[in-house]
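Here is the file start-v2.cif (mmCIF, C-alpha atoms and all ligand atoms).
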```cif
data_coords
loop_
_atom_site.label_atom_id
_atom_site.label_comp_id
_atom_site.auth_asym_id
_atom_site.auth_seq_id
_atom_site.Cartn_x
_atom_site.Cartn_y
_atom_site.Cartn_z
CA MET K 121 -85.70 12.45 -96.51
CA SER K 122 -88.39 14.35 -98.33
CA SER K 123 -91.43 12.53 -99.59
CA GLY K 124 -93.20 15.64 -100.79
CA PRO K 125 -93.44 17.05 -104.25
CA ILE K 126 -90.45 18.33 -106.14
CA PRO K 127 -89.68 21.83 -104.86
CA SER K 128 -90.93 24.61 -107.02
CA HIS K 129 -87.42 25.87 -107.80
CA ASN K 130 -87.12 22.85 -110.07
CA SER K 131 -89.16 24.77 -112.58
CA THR K 132 -87.08 23.50 -115.47
CA ASN K 133 -88.12 19.89 -114.86
CA GLU K 134 -89.94 17.93 -117.44
CA PRO K 135 -93.37 17.07 -116.06
CA GLY K 136 -92.93 13.94 -113.96
CA GLY K 137 -89.23 13.81 -114.81
CA ARG K 138 -86.12 14.14 -112.68
CA PRO K 139 -85.05 17.44 -111.20
CA ASP K 140 -82.52 19.38 -113.22
CA MET K 141 -79.69 19.02 -110.71
CA SER K 142 -77.38 21.25 -112.70
CA MET K 143 -79.79 24.09 -111.93
CA THR K 144 -80.65 23.24 -108.33
CA LEU K 145 -77.30 22.01 -107.00
CA PRO K 146 -74.64 23.66 -109.12
CA HIS K 147 -71.73 22.41 -106.97
CA THR K 148 -72.90 18.84 -106.64
CA ILE K 149 -71.23 16.09 -108.60
CA ILE K 150 -73.76 13.45 -109.49
CA ASP K 151 -72.41 9.93 -109.42
CA VAL K 152 -73.17 8.69 -112.90
CA ARG K 153 -72.88 5.09 -111.66
CA THR K 154 -75.86 5.49 -109.34
CA PRO K 155 -79.25 6.00 -110.93
CA LEU K 156 -80.93 8.92 -109.25
CA SER K 157 -83.93 6.72 -108.60
CA LEU K 158 -81.75 4.77 -106.15
CA VAL K 159 -80.41 7.81 -104.33
CA ASP K 160 -82.30 7.99 -101.04
CA GLY K 161 -84.49 5.19 -102.38
CA LEU K 162 -86.80 7.57 -104.16
CA GLY K 163 -87.78 8.36 -107.68
CA PRO K 164 -88.30 11.90 -108.85
CA GLU K 165 -87.88 13.30 -105.34
CA ALA K 166 -84.35 11.89 -105.16
CA VAL K 167 -81.78 14.19 -103.65
CA ALA K 168 -78.33 14.05 -105.19
CA ARG K 169 -75.51 13.97 -102.67
CA PRO K 170 -71.95 14.97 -103.34
CA THR K 171 -69.97 11.95 -104.49
CA ARG K 172 -66.72 11.27 -102.71
CA ALA K 173 -64.11 8.84 -103.89
CA LEU K 174 -63.40 6.55 -100.93
CA ILE K 175 -60.40 4.35 -101.63
CA VAL K 176 -58.93 1.75 -99.30
CA ARG K 177 -55.42 0.73 -100.30
CA ARG K 178 -52.11 -0.47 -98.92
CA GLU K 179 -50.03 2.02 -97.01
CA ARG K 180 -47.03 3.42 -98.88
CA PRO K 181 -43.79 4.72 -97.26
CA THR K 182 -44.83 8.23 -98.26
CA ASP K 183 -48.00 7.84 -96.13
CA HIS K 184 -46.22 7.52 -92.77
CA ASP K 185 -46.60 11.14 -91.69
CA ALA K 186 -50.25 11.26 -92.71
CA VAL K 187 -50.92 7.99 -90.87
CA ALA K 188 -49.31 9.44 -87.74
CA ALA K 189 -51.52 12.53 -88.11
CA VAL K 190 -54.63 10.33 -88.37
CA HIS K 191 -53.86 8.53 -85.10
CA ALA K 192 -52.77 11.74 -83.37
CA ASP K 193 -56.22 13.11 -84.14
CA ALA K 194 -58.25 9.91 -83.69
CA PHE K 195 -56.84 9.01 -80.27
CA ALA K 196 -56.20 12.49 -78.88
CA ALA K 197 -57.40 12.91 -75.29
CA PRO K 198 -58.19 16.36 -73.88
CA ASP K 199 -55.79 16.21 -70.94
CA GLN K 200 -52.98 14.43 -72.72
CA GLU K 201 -49.62 16.00 -73.44
CA GLY K 202 -47.85 14.92 -76.57
CA PRO K 203 -49.12 12.52 -79.20
CA PRO K 204 -51.20 9.53 -78.13
CA GLY K 205 -49.38 6.22 -77.77
CA GLU K 206 -50.87 4.85 -80.97
CA VAL K 207 -48.58 7.09 -83.04
CA ALA K 208 -45.42 5.49 -81.65
CA LEU K 209 -47.07 2.07 -81.60
CA VAL K 210 -47.61 2.13 -85.37
CA ALA K 211 -43.99 3.16 -85.96
CA ASP K 212 -42.73 0.43 -83.63
CA LEU K 213 -44.90 -2.21 -85.26
CA ARG K 214 -43.74 -1.18 -88.73
CA ALA K 215 -40.14 -1.67 -87.64
CA SER K 216 -40.83 -5.05 -86.04
CA ASN K 217 -41.12 -8.54 -87.44
CA ALA K 218 -44.79 -8.49 -86.45
CA TYR K 219 -45.47 -6.24 -89.44
CA VAL K 220 -47.27 -7.91 -92.34
CA PHE K 221 -46.89 -6.32 -95.75
CA GLY K 222 -50.32 -5.82 -97.19
CA LEU K 223 -52.15 -5.50 -93.87
CA SER K 224 -51.49 -1.84 -93.17
CA LEU K 225 -54.27 -0.11 -95.05
CA VAL K 226 -55.22 3.52 -95.45
CA ALA K 227 -58.47 5.18 -96.45
CA GLU K 228 -58.40 8.15 -98.77
CA VAL K 229 -61.31 10.43 -99.42
CA ASP K 230 -60.88 12.48 -102.54
CA GLY K 231 -57.14 11.85 -102.33
CA GLU K 232 -56.79 12.87 -98.67
CA LEU K 233 -55.64 10.26 -96.16
CA VAL K 234 -58.25 10.15 -93.39
CA GLY K 235 -58.05 6.64 -91.89
CA HIS K 236 -55.69 3.79 -91.14
CA ILE K 237 -55.88 0.20 -89.92
CA LEU K 238 -53.16 -2.27 -89.09
CA CYS K 239 -53.04 -6.01 -88.51
CA THR K 240 -49.87 -7.49 -87.07
CA ARG K 241 -48.64 -10.97 -86.19
CA ALA K 242 -49.92 -12.44 -82.96
CA THR K 243 -50.18 -15.93 -81.52
CA VAL K 244 -52.66 -18.20 -79.79
CA ASP K 245 -51.19 -20.44 -77.12
CA ASP K 246 -47.70 -19.27 -78.15
CA ARG K 247 -47.79 -21.55 -81.17
CA TYR K 248 -50.68 -20.86 -83.52
CA PRO K 249 -50.17 -17.87 -85.82
CA ALA K 250 -52.91 -15.26 -85.71
CA LEU K 251 -53.32 -11.53 -86.28
CA ALA K 252 -54.08 -8.62 -83.97
CA MET K 253 -56.06 -5.72 -85.39
CA ALA K 254 -54.89 -2.40 -83.94
CA PRO K 255 -54.89 0.44 -84.16
CA LEU K 256 -57.86 1.58 -86.21
CA GLY K 257 -58.33 5.31 -86.50
CA VAL K 258 -60.47 7.66 -88.55
CA ARG K 259 -59.99 11.41 -88.41
CA ARG K 260 -62.71 13.09 -86.35
CA ASP K 261 -63.85 15.28 -89.21
CA HIS K 262 -64.59 12.20 -91.34
CA ARG K 263 -66.39 9.93 -88.90
CA GLY K 264 -69.81 8.41 -89.35
CA GLN K 265 -69.35 8.08 -93.11
CA GLY K 266 -68.51 4.40 -93.32
CA ILE K 267 -64.73 4.84 -93.47
CA GLY K 268 -64.03 2.72 -90.37
CA THR K 269 -66.31 0.05 -91.78
CA ALA K 270 -64.50 0.10 -95.12
CA LEU K 271 -61.13 -0.24 -93.40
CA VAL K 272 -62.19 -3.18 -91.21
CA ASN K 273 -63.81 -5.01 -94.10
CA GLY K 274 -60.79 -4.26 -96.29
CA VAL K 275 -58.24 -5.61 -93.86
CA LEU K 276 -60.33 -8.70 -93.01
CA GLY K 277 -60.72 -9.51 -96.70
CA ALA K 278 -57.01 -9.01 -97.32
CA ALA K 279 -56.05 -11.14 -94.30
CA ASP K 280 -58.35 -13.93 -95.43
CA ALA K 281 -57.00 -13.78 -98.98
CA LEU K 282 -53.44 -14.02 -97.64
CA GLY K 283 -54.36 -17.20 -95.74
CA HIS K 284 -54.30 -15.88 -92.19
CA THR K 285 -56.27 -17.78 -89.60
CA LEU K 286 -58.05 -15.38 -87.27
CA VAL K 287 -57.96 -11.81 -86.07
CA GLY K 288 -58.17 -10.63 -82.47
CA VAL K 289 -59.33 -7.17 -81.44
CA LEU K 290 -59.88 -5.25 -78.23
CA GLY K 291 -62.81 -2.88 -78.54
CA SER K 292 -66.51 -2.30 -78.42
CA PRO K 293 -68.50 -5.46 -79.23
CA GLU K 294 -71.27 -3.14 -80.43
CA PHE K 295 -68.96 -1.88 -83.16
CA TYR K 296 -67.10 -5.08 -84.04
CA ARG K 297 -69.91 -7.62 -84.05
CA ARG K 298 -71.11 -6.31 -87.43
CA PHE K 299 -67.89 -7.65 -88.94
CA GLY K 300 -68.33 -11.15 -87.51
CA PHE K 301 -66.23 -10.68 -84.37
CA GLU K 302 -67.31 -12.75 -81.38
CA THR K 303 -66.23 -12.91 -77.78
CA SER K 304 -62.97 -14.84 -77.94
CA THR K 305 -63.96 -17.42 -75.35
CA VAL K 306 -66.65 -18.70 -77.74
CA HIS K 307 -63.70 -20.12 -79.68
CA GLY K 308 -61.72 -21.25 -76.63
CA ILE K 309 -59.37 -18.28 -76.91
CA GLU K 310 -58.50 -16.32 -73.78
CA ALA K 311 -57.88 -12.60 -73.82
CA PRO K 312 -54.28 -11.51 -73.13
CA GLU K 313 -55.61 -9.98 -69.90
CA SER K 314 -58.54 -11.77 -68.32
CA TRP K 315 -60.16 -8.50 -67.20
CA TRP K 316 -60.65 -7.53 -70.87
CA ALA K 317 -63.52 -10.05 -70.81
CA ASP K 318 -66.06 -9.54 -73.62
CA SER K 319 -64.14 -6.58 -75.03
CA PHE K 320 -61.62 -8.99 -76.50
CA GLN K 321 -63.05 -10.57 -79.61
CA VAL K 322 -61.92 -12.72 -82.48
CA ARG K 323 -62.99 -13.03 -86.08
CA THR K 324 -62.23 -16.41 -87.60
CA LEU K 325 -61.06 -16.50 -91.21
CA THR K 326 -61.34 -19.33 -93.72
CA THR K 327 -58.29 -21.25 -92.51
CA ALA K 328 -59.05 -21.04 -88.78
CA SER K 329 -58.93 -24.35 -86.98
CA PRO K 330 -60.90 -25.28 -83.85
CA GLN K 331 -57.59 -26.55 -82.45
CA MET K 332 -56.44 -22.96 -82.07
CA GLN K 333 -57.24 -22.54 -78.43
CA GLY K 334 -55.39 -20.92 -75.56
CA ARG K 335 -54.23 -17.45 -74.64
CA PHE K 336 -53.95 -14.79 -77.32
CA ALA K 337 -50.70 -12.80 -77.34
CA TYR K 338 -50.02 -9.50 -79.09
CA ALA K 339 -46.61 -8.62 -80.52
CA PRO K 340 -44.09 -7.32 -77.94
CA ALA K 341 -44.37 -3.75 -79.33
CA PHE K 342 -47.81 -3.48 -77.73
CA THR K 343 -46.42 -3.80 -74.25
CA ARG K 344 -43.30 -1.63 -74.59
C1 LIG K 401 -64.15 3.70 -84.21
C2 LIG K 401 -63.91 4.51 -85.48
C3 LIG K 401 -62.71 3.94 -86.22
C4 LIG K 401 -65.15 4.42 -86.37
O1 LIG K 401 -64.88 5.08 -87.59
P1 LIG K 401 -66.06 5.65 -88.50
O2 LIG K 401 -65.49 5.95 -89.83
O3 LIG K 401 -66.76 6.73 -87.80
O4 LIG K 401 -66.98 4.36 -88.58
P2 LIG K 401 -68.25 4.14 -89.49
O5 LIG K 401 -68.69 5.42 -90.09
O6 LIG K 401 -67.94 3.04 -90.41
O7 LIG K 401 -69.28 3.71 -88.36
C5 LIG K 401 -69.97 2.56 -88.43
C6 LIG K 401 -70.85 2.40 -87.22
O8 LIG K 401 -70.09 2.21 -86.03
C7 LIG K 401 -70.61 2.96 -84.98
N1 LIG K 401 -69.55 3.26 -84.04
C8 LIG K 401 -68.50 4.06 -84.23
N2 LIG K 401 -67.70 4.06 -83.15
C9 LIG K 401 -68.28 3.22 -82.26
C10 LIG K 401 -67.94 2.79 -80.94
N3 LIG K 401 -66.83 3.23 -80.32
N4 LIG K 401 -68.77 1.93 -80.33
C11 LIG K 401 -69.87 1.47 -80.94
N5 LIG K 401 -70.24 1.83 -82.18
C12 LIG K 401 -69.45 2.70 -82.82
C13 LIG K 401 -71.18 4.16 -85.66
O9 LIG K 401 -72.17 4.76 -84.84
C14 LIG K 401 -71.79 3.55 -86.91
O10 LIG K 401 -73.03 2.96 -86.56
P3 LIG K 401 -74.24 2.87 -87.58
O11 LIG K 401 -73.70 2.21 -88.82
O12 LIG K 401 -75.23 2.03 -86.86
O13 LIG K 401 -74.63 4.27 -87.81
C15 LIG K 401 -63.66 6.01 -85.17
O14 LIG K 401 -64.72 6.48 -84.39
C16 LIG K 401 -62.35 6.28 -84.43
O15 LIG K 401 -61.30 6.50 -85.06
N6 LIG K 401 -62.41 6.30 -83.09
C17 LIG K 401 -61.26 6.63 -82.25
C18 LIG K 401 -60.25 5.53 -82.25
C19 LIG K 401 -60.87 4.21 -81.85
O16 LIG K 401 -61.62 4.12 -80.90
N7 LIG K 401 -60.50 3.16 -82.61
C20 LIG K 401 -61.00 1.83 -82.39
C21 LIG K 401 -60.19 1.21 -81.33
S1 LIG K 401 -60.89 -0.38 -80.93
#
```
Produce structure tokens that represent the structure in this file.
Ligand SMILES: CC(C)(COP(=O)(O)OP(=O)(O)OC[C@H]1O[C@@H](n2cnc3c(N)ncnc32)[C@H](O)[C@@H]1OP(=O)(O)O)[C@@H](O)C(=O)NCCC(=O)NCCS
Amino acid sequence: MSSGPIPSHNSTNEPGGRPDMSMTLPHTIIDVRTPLSLVDGLGPEAVARPTRALIVRRERPTDHDAVAAVHADAFAAPDQEGPPGEVALVADLRASNAYVFGLSLVAEVDGELVGHILCTRATVDDRYPALAMAPLGVRRDHRGQGIGTALVNGVLGAADALGHTLVGVLGSPEFYRRFGFETSTVHGIEAPESWWADSFQVRTLTTASPQMQGRFAYAPAFTR
């Protein structure tokens, strides 16, 4: 982030005014909703960045191939033959009664599908309805741009609005704690496999009850 004077190639600037971006960055679209003074937190030195349209929305039937391509890329391992298991897992979950309409979300950047997240029906103690969040994938060439964050926040908000109770996830606590996930045992919920330990976390939603204790179980498609 530059804190120095406006570069000399901004010679068309009004004294003390904003740089003439149309001259300096001819291919940059300036987001008219964001005052330049807020871009990079600076005033006249502000640097305009290309604006991308990031949209999180429900998956449509026509998205299935692109969703498979996202997970094939996101979960690819160097020594693996064939697509990673997440590709078939998503298809199996879609075809199962664990699938929840409205909780399979995709992220589009400038109209291109680059991320996907799914929440499916799960249980606590074989009797309390809950959700499992998996898989989450963002294409490698679009990582580190907040797309995973947008997908997680999107699906948690949607799940809460639909009245679901809590969401379980297996993954890095470093990543998931920012969304309010906590080690499941804090809530009296045991991981499906005890060796998952702190990697299994839950995020309580508005209708969660402290009575919901016991072992968390994913839909059968996860173990096929
Ligand atoms: C995990 C994943 C979805 C993140 O997507 P993304 O679009 O890059 O995420 P964001 O840009 O919103 O990243 C947000 C933050 O999470 C961090 N982060 C990303 N992956 C992480 C991981 N595995 N562990 C810890 N932190 C992670 C980023 O460094 C970033 O941190 P910062 O905000 O402090 O800079 C993506 O890396 C991915 O598809 N990974 C492969 C599949 C996978 O592991 N899915 C999750 C299974 S639990």
Length of the atom CA of K:Thr327 to atom P3 of ligand LIG 401 (chain K) vector [Å]:
29.3 Å
Residues within 6 Å of ligand LIG 401 (chain K), counting only C-alpha atoms and all ligand atoms, as a PDB file with C-alpha atoms, in the frame of the given file:
```pdb
ATOM      1  CA  ALA K 194     -58.250   9.910 -83.690  1.00  0.00           C
ATOM      2  CA  PHE K 195     -56.840   9.010 -80.270  1.00  0.00           C
ATOM      3  CA  LEU K 256     -57.860   1.580 -86.210  1.00  0.00           C
ATOM      4  CA  GLY K 257     -58.330   5.310 -86.500  1.00  0.00           C
ATOM      5  CA  VAL K 258     -60.470   7.660 -88.550  1.00  0.00           C
ATOM      6  CA  ARG K 263     -66.390   9.930 -88.900  1.00  0.00           C
ATOM      7  CA  GLY K 264     -69.810   8.410 -89.350  1.00  0.00           C
ATOM      8  CA  GLN K 265     -69.350   8.080 -93.110  1.00  0.00           C
ATOM      9  CA  GLY K 266     -68.510   4.400 -93.320  1.00  0.00           C
ATOM     10  CA  ILE K 267     -64.730   4.840 -93.470  1.00  0.00           C
ATOM     11  CA  GLY K 268     -64.030   2.720 -90.370  1.00  0.00           C
ATOM     12  CA  THR K 269     -66.310   0.050 -91.780  1.00  0.00           C
ATOM     13  CA  LEU K 290     -59.880  -5.250 -78.230  1.00  0.00           C
ATOM     14  CA  GLY K 291     -62.810  -2.880 -78.540  1.00  0.00           C
ATOM     15  CA  SER K 292     -66.510  -2.300 -78.420  1.00  0.00           C
ATOM     16  CA  GLU K 294     -71.270  -3.140 -80.430  1.00  0.00           C
ATOM     17  CA  PHE K 295     -68.960  -1.880 -83.160  1.00  0.00           C
TER      18      PHE K 295
END
```
Can you sort out the box for stretch 207-211 of chain K, edges along x, y and z, all listed atoms in, 6 Å on every side, with centre and edge lengths in Å to one decimal, as JSON?
```
{"center_x": -46.3, "center_y": 4.6, "center_z": -83.8, "size_x": 16.6, "size_y": 17.0, "size_z": 16.4}
```
Using all atoms listed in the file, pick whichever of K:Pro255, K:Pro330, K:Gly288, K:Gly283 has the shortest atom-to-atom distance to K:Leu213.
K:Pro255
To one decimal in Å, tell me the separation between atom CA of K:Thr240 and atom CA of K:Ala215.
11.4 Å
Which residue is closest to K:Ala252? Choose from K:Tyr338, K:Ala328, K:Asp183, K:Ser319 and count all atoms listed in the file.
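Closest candidate: K:Tyr338.
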Within 8 Å of K:His236, counting only C-alpha atoms, which residues show up once you throw out same-chain ones fewer than 2 positions away? Write them as an NGL selection string, please.
:K and (187 or 190-191 or 224-227 or 234 or 238 or 255-258 or 271)
Just the number, please: distance in Å from atom CA of K:Phe299 to atom CA of K:Trp316, one decimal.
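Computing the Euclidean distance for atom CA of K:Phe299 and atom CA of K:Trp316 yields 19.5 Å.
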Compile the contact shell of K:Leu276 as a PyMOL selection string: residues with an atom at most 9 Å away, counting all atoms listed in the file, same-chain residues fewer than 4 positions apart removed.
chain K and resi 223+239+271-272+280-281+287+299+323+325
Which residues, written as a ChimeraX atom specification, have at least one atom at most 12 Å from K:Arg247, with all atoms listed in the file counted and residues fewer than 2 positions away on the same chain left out?
/K:241-245,249-250,331-337
For each of K:Ala188, K:Arg298, K:Ser329, K:Gly308, take the minimum atom-to-atom distance to K:Gly205, counting only C-alpha atoms, then give the residue where this is smallest.
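That would be K:Ala188, the residue with the smallest distance to K:Gly205.
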Counting only C-alpha atoms, the option among K:Ala339, K:Ala218, K:Val229, K:Ala278 closest to K:Arg178
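Smallest distance to K:Arg178 is found for K:Ala278.
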Let me make sure I understand: among K:Pro312, K:Gly235, K:Pro198, K:Gly300, which one has the smallest atom-to-atom distance to K:Ala270 if we use all atoms listed in the file?
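Among the listed residues, K:Gly235 lies closest to K:Ala270.
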From the list K:Ser216, K:Leu174, K:Arg259, K:Gly274, which residue is nearest K:Asp193 when using all atoms listed in the file?
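Going through K:Ser216, K:Leu174, K:Arg259, K:Gly274 one by one, the smallest distance to K:Asp193 is for K:Arg259.
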